[in-house]
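So this block is final.txt, compact mmCIF, N, CA and C atoms:
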# COMPACT_ATOMS: atom_id res chain seq x y z
N MET A 542 113.15 52.08 32.18
CA MET A 542 114.41 52.46 32.80
C MET A 542 114.60 51.74 34.13
N ILE A 543 113.56 51.69 34.94
CA ILE A 543 113.67 51.02 36.23
C ILE A 543 113.93 49.53 36.03
N SER A 544 113.25 48.92 35.07
CA SER A 544 113.44 47.48 34.84
C SER A 544 114.88 47.17 34.43
N ASN A 545 115.53 48.08 33.70
CA ASN A 545 116.93 47.86 33.33
C ASN A 545 117.83 47.87 34.56
N LYS A 546 117.55 48.76 35.51
CA LYS A 546 118.34 48.81 36.74
C LYS A 546 118.12 47.54 37.55
N LYS A 547 116.87 47.11 37.63
CA LYS A 547 116.58 45.88 38.36
C LYS A 547 117.27 44.69 37.70
N GLY A 548 117.24 44.67 36.39
CA GLY A 548 117.89 43.59 35.65
C GLY A 548 119.39 43.59 35.89
N ALA A 549 119.99 44.78 35.90
CA ALA A 549 121.44 44.88 36.14
C ALA A 549 121.78 44.43 37.56
N VAL A 550 120.96 44.80 38.52
CA VAL A 550 121.18 44.38 39.90
C VAL A 550 121.06 42.87 40.01
N ARG A 551 120.02 42.33 39.39
CA ARG A 551 119.83 40.88 39.44
C ARG A 551 120.99 40.14 38.77
N LYS A 552 121.46 40.68 37.65
CA LYS A 552 122.58 40.04 36.96
C LYS A 552 123.83 40.07 37.84
N LYS A 553 124.08 41.21 38.48
CA LYS A 553 125.24 41.33 39.36
C LYS A 553 125.12 40.36 40.54
N GLU A 554 123.92 40.27 41.13
CA GLU A 554 123.68 39.34 42.23
C GLU A 554 123.87 37.90 41.76
N TYR A 555 123.38 37.58 40.57
CA TYR A 555 123.53 36.23 40.04
C TYR A 555 125.00 35.90 39.81
N LEU A 556 125.75 36.83 39.24
CA LEU A 556 127.16 36.58 38.97
C LEU A 556 127.93 36.35 40.27
N GLU A 557 127.61 37.12 41.30
CA GLU A 557 128.25 36.93 42.59
C GLU A 557 127.88 35.58 43.19
N TYR A 558 126.60 35.22 43.08
CA TYR A 558 126.13 33.92 43.57
C TYR A 558 126.85 32.79 42.82
N TYR A 559 126.94 32.91 41.51
CA TYR A 559 127.59 31.88 40.69
C TYR A 559 129.07 31.74 41.07
N LYS A 560 129.72 32.85 41.27
CA LYS A 560 131.14 32.85 41.63
C LYS A 560 131.34 32.09 42.95
N ASN A 561 130.50 32.36 43.94
CA ASN A 561 130.61 31.69 45.23
C ASN A 561 130.25 30.21 45.12
N GLU A 562 129.19 29.92 44.37
CA GLU A 562 128.79 28.51 44.20
C GLU A 562 129.87 27.71 43.49
N LYS A 563 130.51 28.31 42.51
CA LYS A 563 131.56 27.61 41.77
C LYS A 563 132.70 27.22 42.70
N LYS A 564 133.04 28.10 43.64
CA LYS A 564 134.10 27.78 44.59
C LYS A 564 133.68 26.65 45.52
N ARG A 565 132.40 26.64 45.91
CA ARG A 565 131.90 25.55 46.75
C ARG A 565 131.99 24.22 46.00
N VAL A 566 131.64 24.24 44.72
CA VAL A 566 131.70 23.02 43.90
C VAL A 566 133.16 22.60 43.72
N ASN A 567 134.05 23.55 43.47
CA ASN A 567 135.47 23.24 43.33
C ASN A 567 136.01 22.60 44.61
N LEU A 568 135.63 23.16 45.75
CA LEU A 568 136.06 22.60 47.03
C LEU A 568 135.52 21.18 47.18
N ALA A 569 134.25 20.99 46.86
CA ALA A 569 133.63 19.67 46.97
C ALA A 569 134.40 18.65 46.14
N MET A 570 134.73 19.00 44.93
CA MET A 570 135.44 18.06 44.04
C MET A 570 136.83 17.73 44.58
N GLU A 571 137.53 18.72 45.09
CA GLU A 571 138.87 18.48 45.63
C GLU A 571 138.81 17.62 46.89
N VAL A 572 137.82 17.88 47.75
CA VAL A 572 137.69 17.08 48.97
C VAL A 572 137.35 15.63 48.63
N ILE A 573 136.41 15.44 47.72
CA ILE A 573 136.04 14.08 47.32
C ILE A 573 137.24 13.33 46.75
N ASP A 574 137.94 13.96 45.81
CA ASP A 574 139.11 13.32 45.18
C ASP A 574 140.18 12.96 46.21
N ALA A 575 140.50 13.92 47.07
CA ALA A 575 141.56 13.68 48.06
C ALA A 575 141.13 12.62 49.07
N ARG A 576 139.89 12.70 49.53
CA ARG A 576 139.39 11.73 50.51
C ARG A 576 139.42 10.31 49.93
N LYS A 577 138.95 10.17 48.71
CA LYS A 577 138.92 8.85 48.09
C LYS A 577 140.33 8.34 47.81
N SER A 578 141.23 9.21 47.40
CA SER A 578 142.60 8.76 47.13
C SER A 578 143.29 8.30 48.41
N MET A 579 142.85 8.83 49.55
CA MET A 579 143.39 8.40 50.85
C MET A 579 142.59 7.23 51.43
N LYS A 580 141.59 6.78 50.66
CA LYS A 580 140.73 5.66 51.07
C LYS A 580 140.05 5.91 52.41
N LEU A 581 139.55 7.15 52.57
CA LEU A 581 138.83 7.53 53.77
C LEU A 581 137.34 7.61 53.47
N SER A 582 136.54 7.16 54.39
CA SER A 582 135.09 7.39 54.28
C SER A 582 134.81 8.79 54.80
N GLN A 583 133.62 9.27 54.54
CA GLN A 583 133.23 10.58 55.08
C GLN A 583 133.31 10.56 56.60
N SER A 584 132.88 9.47 57.21
CA SER A 584 132.92 9.35 58.67
C SER A 584 134.35 9.38 59.21
N ASN A 585 135.26 8.68 58.52
CA ASN A 585 136.66 8.67 58.96
C ASN A 585 137.26 10.07 58.88
N LEU A 586 137.02 10.76 57.77
CA LEU A 586 137.53 12.12 57.63
C LEU A 586 136.93 13.02 58.70
N ALA A 587 135.65 12.88 58.94
CA ALA A 587 134.98 13.70 59.95
C ALA A 587 135.63 13.52 61.32
N LYS A 588 135.92 12.29 61.69
CA LYS A 588 136.56 12.02 62.98
C LYS A 588 137.95 12.65 63.05
N LYS A 589 138.68 12.57 61.94
CA LYS A 589 140.04 13.12 61.92
C LYS A 589 140.06 14.63 62.10
N ILE A 590 139.01 15.33 61.65
CA ILE A 590 139.01 16.78 61.75
C ILE A 590 138.05 17.30 62.82
N GLY A 591 137.43 16.39 63.55
CA GLY A 591 136.59 16.81 64.66
C GLY A 591 135.24 17.37 64.27
N THR A 592 134.61 16.76 63.28
CA THR A 592 133.28 17.20 62.86
C THR A 592 132.42 15.96 62.62
N THR A 593 131.31 16.13 61.95
CA THR A 593 130.41 15.00 61.72
C THR A 593 130.41 14.60 60.25
N GLN A 594 129.93 13.40 60.00
CA GLN A 594 129.81 12.90 58.62
C GLN A 594 128.86 13.79 57.84
N THR A 595 127.83 14.30 58.50
CA THR A 595 126.86 15.18 57.82
C THR A 595 127.54 16.44 57.29
N VAL A 596 128.45 17.00 58.06
CA VAL A 596 129.18 18.20 57.62
C VAL A 596 130.02 17.87 56.39
N ILE A 597 130.71 16.74 56.42
CA ILE A 597 131.53 16.34 55.26
C ILE A 597 130.63 16.13 54.05
N SER A 598 129.50 15.48 54.25
CA SER A 598 128.55 15.26 53.15
C SER A 598 128.08 16.59 52.57
N ASN A 599 127.76 17.54 53.44
CA ASN A 599 127.32 18.86 52.96
C ASN A 599 128.41 19.57 52.18
N ILE A 600 129.66 19.45 52.64
CA ILE A 600 130.78 20.06 51.91
C ILE A 600 130.92 19.40 50.54
N GLU A 601 130.85 18.08 50.50
CA GLU A 601 131.01 17.36 49.24
C GLU A 601 129.84 17.55 48.29
N ASN A 602 128.71 17.98 48.82
CA ASN A 602 127.56 18.29 47.96
C ASN A 602 127.43 19.79 47.70
N ALA A 603 128.44 20.54 48.12
CA ALA A 603 128.47 22.01 47.95
C ALA A 603 127.23 22.67 48.55
N ASN A 604 126.81 22.14 49.71
CA ASN A 604 125.59 22.65 50.35
C ASN A 604 125.85 23.48 51.59
N THR A 605 127.08 23.91 51.80
CA THR A 605 127.35 24.65 53.02
C THR A 605 128.50 25.62 52.84
N ASP A 606 128.49 26.66 53.64
CA ASP A 606 129.64 27.54 53.75
C ASP A 606 130.45 27.04 54.94
N ILE A 607 131.75 27.02 54.80
CA ILE A 607 132.56 26.57 55.93
C ILE A 607 133.48 27.69 56.37
N GLY A 608 133.83 27.67 57.62
CA GLY A 608 134.73 28.67 58.17
C GLY A 608 136.18 28.34 57.89
N PHE A 609 137.02 29.30 58.22
CA PHE A 609 138.45 29.16 57.95
C PHE A 609 139.05 28.02 58.76
N GLU A 610 138.62 27.86 60.01
CA GLU A 610 139.18 26.80 60.87
C GLU A 610 138.91 25.42 60.28
N LEU A 611 137.67 25.18 59.86
CA LEU A 611 137.34 23.88 59.27
C LEU A 611 138.08 23.69 57.95
N LEU A 612 138.14 24.72 57.13
CA LEU A 612 138.87 24.63 55.87
C LEU A 612 140.33 24.28 56.13
N ASN A 613 140.92 24.91 57.12
CA ASN A 613 142.32 24.64 57.45
C ASN A 613 142.52 23.19 57.88
N LYS A 614 141.60 22.65 58.68
CA LYS A 614 141.69 21.25 59.10
C LYS A 614 141.58 20.31 57.89
N ILE A 615 140.68 20.62 56.98
CA ILE A 615 140.51 19.80 55.78
C ILE A 615 141.79 19.82 54.95
N ILE A 616 142.35 21.00 54.76
CA ILE A 616 143.58 21.15 53.99
C ILE A 616 144.70 20.31 54.60
N GLU A 617 144.83 20.39 55.92
CA GLU A 617 145.90 19.65 56.60
C GLU A 617 145.68 18.14 56.53
N LYS A 618 144.48 17.67 56.85
CA LYS A 618 144.23 16.22 56.91
C LYS A 618 144.23 15.56 55.54
N LEU A 619 143.83 16.30 54.51
CA LEU A 619 143.81 15.73 53.17
C LEU A 619 145.07 16.06 52.37
N ASN A 620 146.01 16.73 53.03
CA ASN A 620 147.28 17.09 52.39
C ASN A 620 147.08 17.87 51.09
N LEU A 621 146.13 18.78 51.11
CA LEU A 621 145.92 19.62 49.93
C LEU A 621 147.08 20.60 49.82
N ASN A 622 147.50 20.87 48.58
CA ASN A 622 148.62 21.77 48.37
C ASN A 622 148.18 23.00 47.59
N SER A 623 149.13 23.81 47.22
CA SER A 623 148.80 25.06 46.54
C SER A 623 148.10 24.83 45.20
N LYS A 624 148.42 23.73 44.52
CA LYS A 624 147.75 23.44 43.25
C LYS A 624 146.27 23.15 43.48
N ASN A 625 145.96 22.41 44.55
CA ASN A 625 144.56 22.15 44.89
C ASN A 625 143.84 23.46 45.21
N LEU A 626 144.52 24.31 45.98
CA LEU A 626 143.89 25.57 46.39
C LEU A 626 143.68 26.52 45.22
N VAL A 627 144.60 26.49 44.26
CA VAL A 627 144.43 27.29 43.05
C VAL A 627 143.18 26.84 42.31
N LYS A 628 142.97 25.52 42.23
CA LYS A 628 141.76 25.00 41.58
C LYS A 628 140.50 25.43 42.31
N ILE A 629 140.53 25.33 43.64
CA ILE A 629 139.35 25.66 44.44
C ILE A 629 138.99 27.13 44.29
N PHE A 630 139.96 28.00 44.53
CA PHE A 630 139.70 29.43 44.59
C PHE A 630 139.94 30.16 43.27
N GLU A 631 140.39 29.42 42.27
CA GLU A 631 140.64 29.97 40.94
C GLU A 631 141.54 31.19 40.97
N CYS A 632 142.62 31.06 41.73
CA CYS A 632 143.60 32.14 41.83
C CYS A 632 144.44 32.17 40.56
N LYS A 633 144.89 33.34 40.23
CA LYS A 633 145.72 33.47 39.04
C LYS A 633 147.17 33.15 39.33
N GLU A 634 147.56 33.32 40.59
CA GLU A 634 148.94 33.06 40.95
C GLU A 634 149.00 32.28 42.25
N VAL A 635 149.99 31.43 42.34
CA VAL A 635 150.18 30.66 43.56
C VAL A 635 150.51 31.58 44.72
N GLN A 636 151.13 32.70 44.44
CA GLN A 636 151.49 33.65 45.50
C GLN A 636 150.27 34.06 46.31
N GLU A 637 149.11 34.21 45.67
CA GLU A 637 147.90 34.57 46.37
C GLU A 637 147.56 33.51 47.41
N ILE A 638 147.75 32.25 47.08
CA ILE A 638 147.47 31.16 48.01
C ILE A 638 148.44 31.22 49.18
N GLU A 639 149.69 31.49 48.91
CA GLU A 639 150.68 31.56 49.99
C GLU A 639 150.30 32.65 50.97
N ILE A 640 149.78 33.76 50.48
CA ILE A 640 149.34 34.85 51.35
C ILE A 640 148.19 34.38 52.23
N VAL A 641 147.22 33.71 51.64
CA VAL A 641 146.07 33.21 52.40
C VAL A 641 146.52 32.19 53.43
N ALA A 642 147.44 31.31 53.06
CA ALA A 642 147.91 30.27 53.98
C ALA A 642 148.59 30.87 55.20
N THR A 643 149.33 31.96 55.03
CA THR A 643 150.00 32.57 56.17
C THR A 643 149.04 33.41 57.00
N ALA A 644 147.92 33.79 56.46
CA ALA A 644 146.97 34.62 57.19
C ALA A 644 146.48 33.92 58.45
N HIS A 645 146.29 32.62 58.38
CA HIS A 645 145.81 31.87 59.55
C HIS A 645 146.76 32.03 60.73
N TRP A 646 148.04 31.88 60.48
CA TRP A 646 149.02 31.98 61.56
C TRP A 646 149.04 33.39 62.11
N ASN A 647 148.93 34.39 61.26
CA ASN A 647 148.92 35.77 61.72
C ASN A 647 147.67 36.05 62.55
N LEU A 648 146.51 35.50 62.13
CA LEU A 648 145.28 35.68 62.91
C LEU A 648 145.44 35.10 64.30
N ASN A 649 146.05 33.91 64.39
CA ASN A 649 146.28 33.31 65.70
C ASN A 649 147.15 34.20 66.56
N TYR A 650 148.17 34.78 65.96
CA TYR A 650 149.06 35.67 66.71
C TYR A 650 148.28 36.85 67.27
N TYR A 651 147.46 37.46 66.44
CA TYR A 651 146.71 38.62 66.89
C TYR A 651 145.70 38.24 67.97
N GLU A 652 145.07 37.07 67.84
CA GLU A 652 144.12 36.62 68.86
C GLU A 652 144.83 36.34 70.18
N GLU A 653 145.98 35.67 70.12
CA GLU A 653 146.73 35.33 71.33
C GLU A 653 147.23 36.58 72.04
N ASN A 654 147.48 37.63 71.30
CA ASN A 654 147.99 38.87 71.88
C ASN A 654 146.89 39.90 72.11
N ASN A 655 145.64 39.44 72.07
CA ASN A 655 144.47 40.26 72.38
C ASN A 655 144.39 41.56 71.58
N CYS A 656 144.72 41.51 70.32
CA CYS A 656 144.59 42.68 69.47
C CYS A 656 143.12 42.85 69.12
N ASP A 657 142.59 44.05 69.35
CA ASP A 657 141.17 44.30 69.12
C ASP A 657 140.83 44.39 67.64
N ARG A 658 141.51 45.28 66.94
CA ARG A 658 141.20 45.51 65.54
C ARG A 658 142.45 45.28 64.70
N VAL A 659 142.29 44.44 63.73
CA VAL A 659 143.41 44.13 62.85
C VAL A 659 142.94 44.33 61.43
N SER A 660 143.66 45.13 60.71
CA SER A 660 143.26 45.35 59.32
C SER A 660 143.74 44.18 58.47
N LEU A 661 143.04 43.95 57.38
CA LEU A 661 143.44 42.89 56.46
C LEU A 661 144.86 43.12 55.98
N LYS A 662 145.21 44.38 55.84
CA LYS A 662 146.56 44.72 55.40
C LYS A 662 147.59 44.15 56.38
N ASN A 663 147.36 44.28 57.67
CA ASN A 663 148.30 43.76 58.68
C ASN A 663 148.28 42.24 58.71
N ILE A 664 147.09 41.64 58.61
CA ILE A 664 146.99 40.19 58.68
C ILE A 664 147.77 39.53 57.57
N LEU A 665 147.70 40.10 56.38
CA LEU A 665 148.35 39.50 55.22
C LEU A 665 149.77 39.98 55.01
N ASN A 666 150.30 40.74 55.97
CA ASN A 666 151.68 41.21 55.91
C ASN A 666 151.98 42.12 54.73
N PHE A 667 151.03 42.91 54.32
CA PHE A 667 151.29 43.86 53.26
C PHE A 667 151.88 45.11 53.89
N GLU A 668 152.80 45.70 53.22
CA GLU A 668 153.40 46.95 53.71
C GLU A 668 152.62 48.13 53.19

Take the structure I supplied and represent it as structure tokens, if you would.
Amino acid sequence: MISNKKGAVRKKEYLEYYKNEKKRVNLAMEVIDARKSMKLSQSNLAKKIGTTQTVISNIENANTDIGFELLNKIIEKLNLNSKNLVKIFECKEVQEIEIVATAHWNLNYYEENNCDRVSLKNILNFE
């Protein structure tokens, strides 16, 4: 009985790990494709977004977690659109991407206005 619980926990942990890794790989593929189509080297892209070539290499090898700020810079500099983001995050609807895209601007607003606690509901403009 205990081994079944451990197995279920391990399976759940593995599925969560796989889900996150798949998104990292999806991001890596989109960054590589966009960077190459723009004829940018890893170093050139790194300079454009204010990071290092090593960081770009790690992203393209799916070896790192990146923050929202860096992701936003990559999206802007590589001109990624909602179709790219749907591929990366495997969203079912483009509307989900639009919500995420506006969250950044709302977060900046709350930071600039020194809001201490902001619920996800407020950040994403849900009523």

request  = Please report, as a PyMOL selection string, each residue of range 552-607 of chain A to which DSSP assigns helix (DSSP H, G or I) when run on this structure's backbone.
outcome  = chain A and resi 552-578+583-590+594-601

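Here atom N of Arg576 in chain A and atom C of Leu619 in chain A stand 6.8 Å from one another.
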
query = Can you list, as number ranges by chain, every protein, DNA or RNA residue that comes within 12 Å of Gly608 in chain A when you count only C-alpha atoms, leaving out same-chain residues fewer than 6 positions away?
reply = A: 596, 600, 614-615, 645

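Across A:Phe609, A:Ser584, A:Lys618, A:Leu556, the tightest approach to Ile597 in chain A is made by A:Ser584 when counting all atoms listed in the file.
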
remark   = A straight line from atom C of Ser598 in chain A to CA of Met579 in chain A spans 17.4 Å

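Counting from CA of Ile573 in chain A, the distance to atom C of Lys589 in chain A is 15.3 Å.
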
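Residues in contact with Lys564 in chain A at up to 8 Å, not including ones fewer than 2 positions away on its chain and judged by only N, CA and C atoms, are Tyr558, Tyr559, Lys560, Asn561, Glu562, Val566, Asn567, Leu568, Ala569, Met570, Ala603, Lys628, Ile629, Phe630 and Glu631 of chain A.
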